[in-house]
Structure formats: structure tokens, C-alpha cells
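Chemist: Contents of final.tsv (TSV, C-alpha atoms (C1' of nucleotides)):
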```tsv
chain	number	residue	atom	x	y	z
X	1	MET	CA	1.76	-39.92	-13.67
X	2	ASN	CA	-1.02	-37.65	-14.76
X	3	VAL	CA	0.62	-34.58	-16.24
X	4	SER	CA	0.07	-32.28	-19.18
X	5	LEU	CA	3.42	-30.84	-20.18
X	6	ASP	CA	2.25	-27.88	-22.24
X	7	PRO	CA	0.45	-25.95	-19.50
X	8	THR	CA	2.82	-27.13	-16.78
X	9	LEU	CA	6.06	-26.19	-18.51
X	10	GLY	CA	4.93	-23.59	-20.98
X	11	CYS	CA	3.24	-20.74	-19.20
X	12	GLY	CA	5.70	-19.06	-16.93
X	13	GLN	CA	6.00	-21.27	-13.88
X	14	ALA	CA	9.51	-22.43	-14.77
X	15	HIS	CA	11.58	-20.56	-17.28
X	16	ARG	CA	14.07	-22.94	-18.84
X	17	TRP	CA	11.83	-25.17	-20.91
X	18	ILE	CA	11.78	-24.80	-24.67
X	19	LYS	CA	9.47	-26.68	-26.96
X	20	LYS	CA	11.34	-28.13	-29.92
X	21	ASN	CA	9.69	-30.40	-32.47
X	22	GLY	CA	6.91	-31.24	-30.11
X	23	ALA	CA	9.17	-32.14	-27.17
X	24	TRP	CA	10.12	-30.08	-24.14
X	25	GLU	CA	13.82	-29.48	-23.57
X	26	GLY	CA	15.04	-28.08	-20.28
X	27	VAL	CA	17.93	-28.14	-17.86
X	28	LEU	CA	17.69	-29.74	-14.44
X	29	GLY	CA	20.88	-29.54	-12.43
X	30	LYS	CA	23.64	-30.35	-14.90
X	31	GLU	CA	21.56	-32.36	-17.31
X	32	ILE	CA	19.72	-31.43	-20.46
X	33	ILE	CA	16.38	-33.17	-20.22
X	34	THR	CA	13.92	-33.88	-23.01
X	35	LEU	CA	10.33	-34.76	-22.21
X	36	ARG	CA	7.81	-36.10	-24.67
X	37	GLN	CA	4.12	-36.16	-23.82
X	38	THR	CA	2.47	-39.58	-23.84
X	39	CYS	CA	-1.13	-40.50	-23.16
X	40	ASP	CA	-0.46	-41.35	-19.53
X	41	GLY	CA	2.47	-39.07	-18.69
X	42	PHE	CA	5.77	-38.53	-20.48
X	43	GLU	CA	8.86	-40.28	-21.65
X	44	CYS	CA	12.11	-38.75	-20.57
X	45	THR	CA	15.58	-38.75	-22.08
X	46	GLY	CA	18.77	-37.16	-20.82
X	47	THR	CA	18.83	-38.48	-17.27
X	48	SER	CA	18.87	-41.65	-15.28
X	49	ASP	CA	17.49	-39.82	-12.26
X	50	GLU	CA	13.87	-40.83	-12.62
X	51	ASP	CA	13.17	-40.05	-8.97
X	52	GLY	CA	14.50	-36.53	-9.43
X	53	ILE	CA	12.08	-35.95	-12.28
X	54	LEU	CA	9.17	-37.34	-10.31
X	55	GLU	CA	10.02	-35.05	-7.41
X	56	TYR	CA	10.27	-32.09	-9.80
X	57	PHE	CA	6.73	-32.82	-10.97
X	58	ARG	CA	5.52	-33.38	-7.41
X	59	ALA	CA	4.39	-36.86	-8.33
X	60	ASP	CA	3.13	-37.38	-4.80
X	61	ASP	CA	0.48	-34.69	-5.21
X	62	ASP	CA	-2.92	-36.33	-5.33
X	63	LEU	CA	-4.29	-34.43	-8.31
X	64	ASP	CA	-7.76	-35.96	-8.03
X	65	ALA	CA	-8.05	-34.79	-4.44
X	66	ILE	CA	-6.60	-31.36	-5.19
X	67	TYR	CA	-8.72	-30.79	-8.31
X	68	GLY	CA	-11.79	-32.00	-6.43
X	69	ASP	CA	-11.12	-29.64	-3.56
X	70	ILE	CA	-10.58	-26.48	-5.56
X	71	SER	CA	-13.35	-27.37	-8.02
X	72	ALA	CA	-15.82	-27.70	-5.17
X	73	SER	CA	-14.73	-24.28	-3.91
X	74	ASP	CA	-15.79	-22.41	-7.02
X	75	PRO	CA	-17.60	-23.15	-10.30
X	76	TYR	CA	-15.24	-21.08	-12.45
X	77	ILE	CA	-12.24	-22.97	-11.09
X	78	ALA	CA	-14.13	-26.22	-11.75
X	79	GLU	CA	-14.57	-25.18	-15.36
X	80	LEU	CA	-10.86	-24.38	-15.74
X	81	VAL	CA	-9.83	-27.67	-14.13
X	82	ASP	CA	-12.08	-29.59	-16.52
X	83	GLY	CA	-10.53	-27.71	-19.42
X	84	CYS	CA	-6.93	-28.31	-18.41
X	85	PRO	CA	-6.39	-31.68	-16.78
X	86	GLY	CA	-2.79	-32.49	-15.86
X	87	LEU	CA	-1.66	-28.99	-14.95
X	88	ARG	CA	0.74	-29.40	-12.05
X	89	ILE	CA	2.68	-27.21	-9.67
X	90	LEU	CA	6.40	-27.94	-9.96
X	91	LYS	CA	8.98	-28.28	-7.22
X	92	GLN	CA	11.93	-26.21	-8.37
X	93	ASP	CA	15.41	-25.96	-6.90
X	94	PRO	CA	15.32	-23.36	-4.10
X	95	TRP	CA	18.35	-21.29	-5.09
X	96	GLU	CA	17.45	-21.34	-8.79
X	97	CYS	CA	13.87	-20.43	-8.02
X	98	ILE	CA	14.80	-17.55	-5.73
X	99	ALA	CA	17.29	-16.13	-8.20
X	100	THR	CA	14.97	-16.60	-11.16
X	101	TYR	CA	12.00	-14.90	-9.51
X	102	LEU	CA	14.18	-12.08	-8.28
X	103	LEU	CA	14.91	-11.46	-11.96
X	104	ALA	CA	11.23	-11.87	-12.79
X	105	THR	CA	10.25	-8.60	-11.13
X	106	ASN	CA	8.58	-6.21	-13.49
X	107	ALA	CA	9.20	-8.36	-16.56
X	108	ASN	CA	6.93	-10.50	-18.70
X	109	VAL	CA	7.39	-14.23	-19.22
X	110	LYS	CA	9.27	-13.80	-22.44
X	111	ARG	CA	11.75	-11.33	-21.03
X	112	ILE	CA	12.27	-13.39	-17.88
X	113	GLY	CA	13.28	-16.29	-20.11
X	114	MET	CA	15.77	-14.11	-21.94
X	115	MET	CA	17.37	-12.87	-18.74
X	116	VAL	CA	17.58	-16.33	-17.19
X	117	GLU	CA	19.10	-17.89	-20.31
X	118	ALA	CA	21.60	-15.03	-20.49
X	119	VAL	CA	22.66	-15.54	-16.88
X	120	CYS	CA	23.12	-19.26	-17.56
X	121	ARG	CA	25.05	-18.60	-20.74
X	122	GLU	CA	27.36	-16.11	-19.06
X	123	PHE	CA	27.92	-17.86	-15.74
X	124	GLY	CA	26.68	-21.44	-16.00
X	125	GLU	CA	28.43	-24.55	-17.21
X	126	ASP	CA	28.25	-25.42	-20.89
X	127	LEU	CA	26.33	-28.67	-21.12
X	128	GLY	CA	26.38	-28.73	-24.90
X	129	GLY	CA	23.89	-26.32	-26.38
X	130	ARG	CA	22.38	-25.45	-23.03
X	131	PHE	CA	23.92	-24.16	-19.82
X	132	SER	CA	23.41	-25.03	-16.17
X	133	PHE	CA	21.90	-22.45	-13.87
X	134	PRO	CA	24.92	-20.87	-12.17
X	135	THR	CA	25.66	-21.38	-8.49
X	136	PRO	CA	26.25	-18.28	-6.36
X	137	LYS	CA	29.96	-19.04	-6.62
X	138	ASP	CA	29.70	-19.22	-10.41
X	139	VAL	CA	28.14	-15.77	-10.39
X	140	ILE	CA	30.68	-14.20	-8.04
X	141	ASP	CA	33.86	-15.85	-9.31
X	142	GLY	CA	32.78	-16.37	-12.89
X	143	THR	CA	34.19	-14.59	-15.89
X	144	GLY	CA	30.79	-13.94	-17.43
X	145	ASP	CA	29.67	-10.50	-18.51
X	146	ILE	CA	26.83	-9.39	-16.27
X	147	CYS	CA	26.08	-6.44	-18.55
X	148	ALA	CA	25.44	-8.84	-21.42
X	149	CYS	CA	22.57	-10.33	-19.39
X	150	ARG	CA	20.68	-7.05	-19.67
X	151	LEU	CA	19.10	-7.34	-16.26
X	152	GLY	CA	18.59	-3.61	-15.83
X	153	TYR	CA	18.11	-2.56	-12.25
X	154	ARG	CA	17.84	-6.20	-11.23
X	155	GLU	CA	21.56	-6.56	-11.81
X	156	ASN	CA	22.66	-5.24	-8.42
X	157	ARG	CA	19.93	-7.16	-6.62
X	158	PHE	CA	20.99	-10.35	-8.36
X	159	LEU	CA	24.65	-9.88	-7.44
X	160	GLU	CA	23.70	-8.96	-3.90
X	161	LEU	CA	21.58	-12.11	-3.57
X	162	ALA	CA	24.37	-14.30	-4.95
X	163	GLN	CA	26.77	-12.78	-2.43
X	164	ARG	CA	24.42	-13.27	0.51
X	165	VAL	CA	23.81	-16.90	-0.38
X	166	TYR	CA	27.52	-17.44	-0.99
X	167	ASP	CA	28.27	-15.93	2.43
X	168	GLY	CA	25.75	-18.22	4.08
X	169	ASP	CA	23.70	-15.23	5.15
X	170	ILE	CA	20.79	-16.80	3.27
X	171	VAL	CA	20.58	-20.59	2.98
X	172	PRO	CA	17.96	-21.56	0.38
X	173	ASN	CA	17.72	-25.17	1.53
X	174	ALA	CA	17.21	-24.08	5.13
X	175	LEU	CA	13.83	-22.65	4.15
X	176	CYS	CA	12.60	-26.14	3.29
X	177	GLY	CA	11.81	-26.80	6.93
X	178	MET	CA	9.94	-23.57	7.50
X	179	ASN	CA	6.22	-22.97	7.60
X	180	TYR	CA	4.69	-20.61	5.07
X	181	ASP	CA	4.84	-17.47	7.20
X	182	ASP	CA	8.47	-17.93	8.21
X	183	CYS	CA	9.46	-18.87	4.69
X	184	ARG	CA	7.76	-15.79	3.35
X	185	ARG	CA	9.23	-13.50	5.98
X	186	THR	CA	12.73	-14.74	5.26
X	187	LEU	CA	12.31	-14.24	1.54
X	188	LEU	CA	11.00	-10.71	2.05
X	189	SER	CA	14.29	-9.79	3.73
X	190	VAL	CA	15.99	-10.04	0.35
X	191	ASN	CA	16.34	-6.77	-1.51
X	192	GLY	CA	14.24	-7.11	-4.64
X	193	ILE	CA	11.79	-9.66	-3.26
X	194	GLY	CA	8.35	-8.37	-2.40
X	195	ASN	CA	4.96	-9.97	-1.81
X	196	LYS	CA	4.42	-11.46	-5.23
X	197	VAL	CA	7.88	-12.90	-5.73
X	198	ALA	CA	7.98	-14.30	-2.19
X	199	ASP	CA	4.71	-16.11	-2.85
X	200	CYS	CA	5.93	-17.48	-6.18
X	201	ILE	CA	9.01	-18.91	-4.48
X	202	ALA	CA	7.02	-20.21	-1.51
X	203	LEU	CA	4.77	-22.05	-3.96
X	204	PHE	CA	7.12	-23.18	-6.72
X	205	ALA	CA	10.17	-24.10	-4.65
X	206	TYR	CA	8.88	-24.87	-1.18
X	207	GLY	CA	5.44	-26.27	-1.98
X	208	HIS	CA	3.36	-23.98	0.22
X	209	MET	CA	-0.07	-24.46	-1.28
X	210	GLU	CA	-1.56	-21.59	0.70
X	211	ALA	CA	0.62	-19.18	-1.28
X	212	PHE	CA	-1.41	-17.29	-3.86
X	213	PRO	CA	0.93	-15.05	-5.89
X	214	ILE	CA	-0.82	-12.00	-7.27
X	215	ASP	CA	0.72	-10.35	-10.29
X	216	ALA	CA	-0.92	-7.95	-12.72
X	217	ARG	CA	-2.64	-10.81	-14.52
X	218	ILE	CA	-4.14	-12.40	-11.41
X	219	GLU	CA	-5.18	-9.02	-10.08
X	220	ARG	CA	-7.06	-8.41	-13.32
X	221	VAL	CA	-8.72	-11.83	-13.20
X	222	LEU	CA	-9.80	-11.35	-9.59
X	223	LYS	CA	-11.36	-8.07	-10.53
X	224	GLU	CA	-13.11	-9.29	-13.67
X	225	LYS	CA	-14.26	-12.71	-12.47
X	226	TYR	CA	-14.76	-12.13	-8.76
X	227	HIS	CA	-15.20	-8.37	-8.56
X	228	VAL	CA	-12.69	-8.13	-5.77
X	229	THR	CA	-10.05	-5.42	-5.57
X	230	GLY	CA	-7.79	-3.95	-2.94
X	231	SER	CA	-4.42	-4.46	-1.31
X	232	TYR	CA	-2.24	-7.52	-1.75
X	233	ALA	CA	-3.13	-8.69	1.74
X	234	HIS	CA	-6.83	-8.28	1.05
X	235	LEU	CA	-6.68	-10.22	-2.21
X	236	THR	CA	-4.69	-13.11	-0.78
X	237	GLU	CA	-7.07	-13.32	2.16
X	238	PHE	CA	-9.95	-13.52	-0.30
X	239	ALA	CA	-8.20	-16.29	-2.21
X	240	ARG	CA	-7.37	-18.34	0.86
X	241	THR	CA	-10.93	-18.06	2.08
X	242	LYS	CA	-12.41	-18.83	-1.32
X	243	PHE	CA	-10.31	-21.50	-3.01
X	244	GLY	CA	-10.33	-24.44	-0.63
X	245	ARG	CA	-7.18	-26.04	0.70
X	246	TYR	CA	-5.02	-25.46	-2.36
X	247	PRO	CA	-5.14	-21.80	-3.32
X	248	GLY	CA	-1.77	-22.17	-5.08
X	249	TYR	CA	-3.25	-24.69	-7.51
X	250	ALA	CA	-6.28	-22.50	-8.05
X	251	GLN	CA	-3.97	-19.59	-8.85
X	252	GLU	CA	-2.15	-21.69	-11.42
X	253	PHE	CA	-5.39	-22.50	-13.22
X	254	LEU	CA	-6.50	-18.87	-13.19
X	255	TYR	CA	-3.11	-17.77	-14.47
X	256	HIS	CA	-2.86	-20.43	-17.14
X	257	SER	CA	-6.30	-19.84	-18.61
X	258	ASP	CA	-5.77	-16.09	-18.82
X	259	PHE	CA	-2.33	-16.62	-20.32
X	260	ILE	CA	-3.79	-18.85	-23.02
X	261	LEU	CA	-6.68	-16.48	-23.73
X	262	GLU	CA	-4.20	-13.65	-24.19
X	263	SER	CA	-2.01	-15.73	-26.52
X	264	GLN	CA	-5.01	-16.63	-28.62
X	265	ALA	CA	-6.12	-13.02	-28.79
X	266	GLN	CA	-2.69	-11.98	-30.00
X	267	ALA	CA	-2.55	-14.75	-32.57
X	268	GLY	CA	-5.96	-13.66	-33.79
X	269	GLY	CA	-4.76	-10.11	-34.14
X	270	LEU	CA	-1.80	-11.19	-36.21
X	271	HIS	CA	-3.86	-13.36	-38.52
X	272	PRO	CA	-7.24	-11.72	-39.01
X	273	ILE	CA	-9.71	-13.74	-41.03
A	274	DC	C1'	-2.17	2.07	5.93
A	275	DA	C1'	-2.63	3.96	0.94
A	276	DT	C1'	-0.55	6.30	-2.90
A	277	DC	C1'	2.92	7.17	-6.20
A	278	DA	C1'	7.08	8.04	-8.82
A	279	DA	C1'	11.28	5.88	-10.24
A	280	DC	C1'	13.67	2.03	-11.91
A	281	DC	C1'	15.25	-0.88	-17.11
A	282	DT	C1'	14.45	-3.13	-21.22
A	283	DG	C1'	11.90	-5.34	-24.97
A	284	DA	C1'	7.75	-5.13	-27.46
A	285	DT	C1'	4.38	-2.69	-29.66
A	286	DC	C1'	2.17	1.37	-31.34
A	287	DA	C1'	1.93	5.96	-34.02
V	288	DA	C1'	12.36	4.12	-39.81
V	289	DT	C1'	12.03	6.68	-35.65
V	290	DG	C1'	10.34	8.03	-31.42
V	291	DA	C1'	6.70	7.55	-28.00
V	292	DT	C1'	4.27	4.52	-25.04
V	293	DC	C1'	3.40	0.51	-22.44
V	294	DA	C1'	3.96	-3.73	-19.51
V	295	DG	C1'	5.72	-5.58	-15.47
V	296	DG	C1'	7.03	-5.81	-9.22
V	297	DT	C1'	9.66	-3.52	-5.65
V	298	DT	C1'	11.36	0.25	-3.20
V	299	DG	C1'	11.22	4.32	-0.67
V	300	DA	C1'	9.29	8.80	-0.05
```
Using the file provided, produce a representation of the structure as C-alpha cells.
Modeler:
Amino acid sequence: MNVSLDPTLGCGQAHRWIKKNGAWEGVLGKEIITLRQTCDGFECTGTSDEDGILEYFRADDDLDAIYGDISASDPYIAELVDGCPGLRILKQDPWECIATYLLATNANVKRIGMMVEAVCREFGEDLGGRFSFPTPKDVIDGTGDICACRLGYRENRFLELAQRVYDGDIVPNALCGMNYDDCRRTLLSVNGIGNKVADCIALFAYGHMEAFPIDARIERVLKEKYHVTGSYAHLTEFARTKFGRYPGYAQEFLYHSDFILESQAQAGGLHPI
DNA sequence: CATCAACCTGATCA
DNA sequence: ATGATCAGGTTGA
């Protein structure tokens, strides 16, 4: 499978992957997975569930067709696609994705990772060095210290979400059968989930390629590269008109390139020549 | 419909 | 070292 692990796992799409000695370690379900980049994909240790991994990486996505489509829609996207082959959208577990992106509000990638790891450490199952992402029941019945997670004002929202899912008031897997609009509408009913988070979840858990999440970074890029500004609705309409049939993939390339440019700028600042 | 302050913490800046 | 400022989405006025 054509995949480049660094951009796919390392720039804020999923939050449990850590690069150690050149390999990516993460937790899927109750397994600690290690992935090593190879020339034509990756080699995986820590699981026998090869199909699960392939599904996680959306192996069925026809990258050539998707890249061709969004590249034809815009020359800047074409440039980014050429520069970053193998960037993929992931298919994350619905409950984990909802809970994670609820925590992601108003926090940068680094801090999101800290909060998520803390929640896993406090409420998840010890897998030996890493912890599983807690179930709603783990969160409600667990003996973990929620204060130690340092979630700030997300704490109550997180507990409220866990309770609603536990009660069956919200059923993450039930959203799998919904179209984008219904999926989005359902997600927006959760306290703490607004436009951006709903679109992240629609894209990263439910595979709605028309979702185009707009955070501060994407808003900046749209302004600088496309000279478009305005409301969330206006910007997403622009994106869905502009970026072919896979706006979600286009968003990921825009996000990734800006993320990398920022990292390089910071590294340059720390080590001036 | 648009604007805006408040929310919480970690990182960065004076 | 210490305090001020900033980044980052959602909510509700």
C-alpha cells in the first residue's frame, strides 16, 4: 500500500502515534502497534490483525484517482501532492475520534497529545508502557484522576460526552450509516462540538470526503493562498466548489504543508546560522 | 447573521 | 526568574 507514515501519522490527524528510533508506535484498540516505513508501505509488529490496519489506513482509497482529482482542481494543491506522496486520511475509531476531537478544541497539536495520553493513562488499560483509549464506562466508573488530565474547561464536556454515550443517548457507531449532513448535525448536538470539530470527526472517523475542517491554520492558508475570507459556511462552500471531489484530502495537504513550514521556521529560529 | 468576550493551560516572550 | 501575552474552538450574550 502506498503510504508515507511521517505526514500521515505525525501532523495532528491522529494523536497517539509517537516516533521512536525511526519507527511509529501507537495504540489501536488494545494493542501497541509499531510501524516501520518501507519503500512500498510499512512493516507492522504488535498485531495479527492485518485487515484492521489496512482499514485504519483506508487501503481501499484509490490514491492515484484522489490525487489526480484534487490536483486537477488547483495548481497549488497539485504542487503539494507532488511534494508529499503517500499522505493518507485515516479511518479512526468513532468513539475515540469524537472524544479526542472534543478535547482538541482550542488546543494545539502538542497539547492535544498531552491531554489524550493523560486520559488514557488515568482511565485506560495498561498495555505495558502505553494505555488503551478508555471506553465511556472506563471514564465513568474508573478510578482515574480527571484533574490530573489537565483538560481545563473541556473536563465537564468530556465527562458529559462519556455519560451520553454510556447512556446510549449518542451511539458513535450509529453515525457510520449516516450521510454527511446528518452525521454533522448529530455531532453538533454534543456540547463542546462545533463546526470545526464536527468536520474533523466526519472526515477522520466516518470518511466523509466533503468535510473540510477549518481551524486557525486552514483559515490563514485560505486567506494567504486563495484570498478568501469570511464565515465558516462561506469558506467550506468555497472549498467544496474549488477542490474537486475530495475536499477532505485537499485540506489534509494544505494543513500538512503549513504545519511543516511552521516547524521548519521554528527549528530555524532555534538554530540560526 | 455577525461580533465578541470568556473559558484553561502550556508555551513563549519581555 | 517572574509575570505578561499568546495560541487555539465553542458557547452564549
Chemist: Would you kindly report the residues of chain X within 8 Å of chain V, using all atoms listed in the file, as a PyMOL selection string?
Modeler: chain X and resi 105-108+192-194+196-197+215-216
Chemist: Tell me the residues of chain A close to chain X, meaning within 8 Å using all atoms listed in the file, as a list of chain:residue names.
Modeler: A:DC280, A:DC281, A:DT282, A:DG283
Chemist: In Å, with one decimal, what is the gap from CA of Gly230 in chain X to CA of Tyr255 in chain X?
Modeler: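 About the pair CA of Gly230 in chain X and CA of Tyr255 in chain X: they are 18.6 Å apart.
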Chemist: Just to confirm, what's the straight-line distance from CA of Gly128 in chain X to CA of Glu31 in chain X in Å (one decimal)?
Modeler: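 For CA of Gly128 in chain X relative to CA of Glu31 in chain X, the distance reads 9.7 Å.
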Chemist: Residues at most 9 Å from range 175-178 of chain X, counting only C-alpha atoms (C1' of nucleotides), excluding those fewer than 3 positions away in the same chain, as a VMD selection string?
Modeler: chain X and resid 94 171 to 172 181 to 183 186 to 187 205 to 207
Chemist: Could you jot down the CA of Cys147 in chain X to CA of Glu160 in chain X separation for me, Å, one decimal place?
Modeler: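 Interatomic distance, CA of Cys147 in chain X to CA of Glu160 in chain X: 15.1 Å.
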Chemist: Point out the residue among X:Asp74, X:Glu117, X:Asp40, X:Glu55 with the least atom-to-atom distance to Gln92 in chain X, counting only C-alpha atoms.
Modeler: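 Of the candidates, the smallest distance to Gln92 in chain X is held by X:Glu55.
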Chemist: May I have the protein, DNA and RNA residues with an atom at most 10 Å from (-10.5, -23.5, -3.7), counting only C-alpha atoms (C1' of nucleotides) in the file's coordinates, returned as a ChimeraX atom specification?
Modeler: /X:66-75,77-78,239-251
Chemist: Please define a box with edges along x, y and z of the file around all atoms of range 86-103 of chain X given in the file, extend it by 8 Å on each side, and return its centre and edge lengths in Å to one decimal, as JSON.
Modeler:
```
{"center_x": 7.8, "center_y": -22.0, "center_z": -10.0, "size_x": 37.1, "size_y": 37.0, "size_z": 27.8}
```
Chemist: Return the single residue from X:Glu43, X:Asp258, X:Asp51, X:Glu96 that is closest to Leu161 in chain X, with distances computed using all atoms listed in the file.
Modeler: X:Glu96
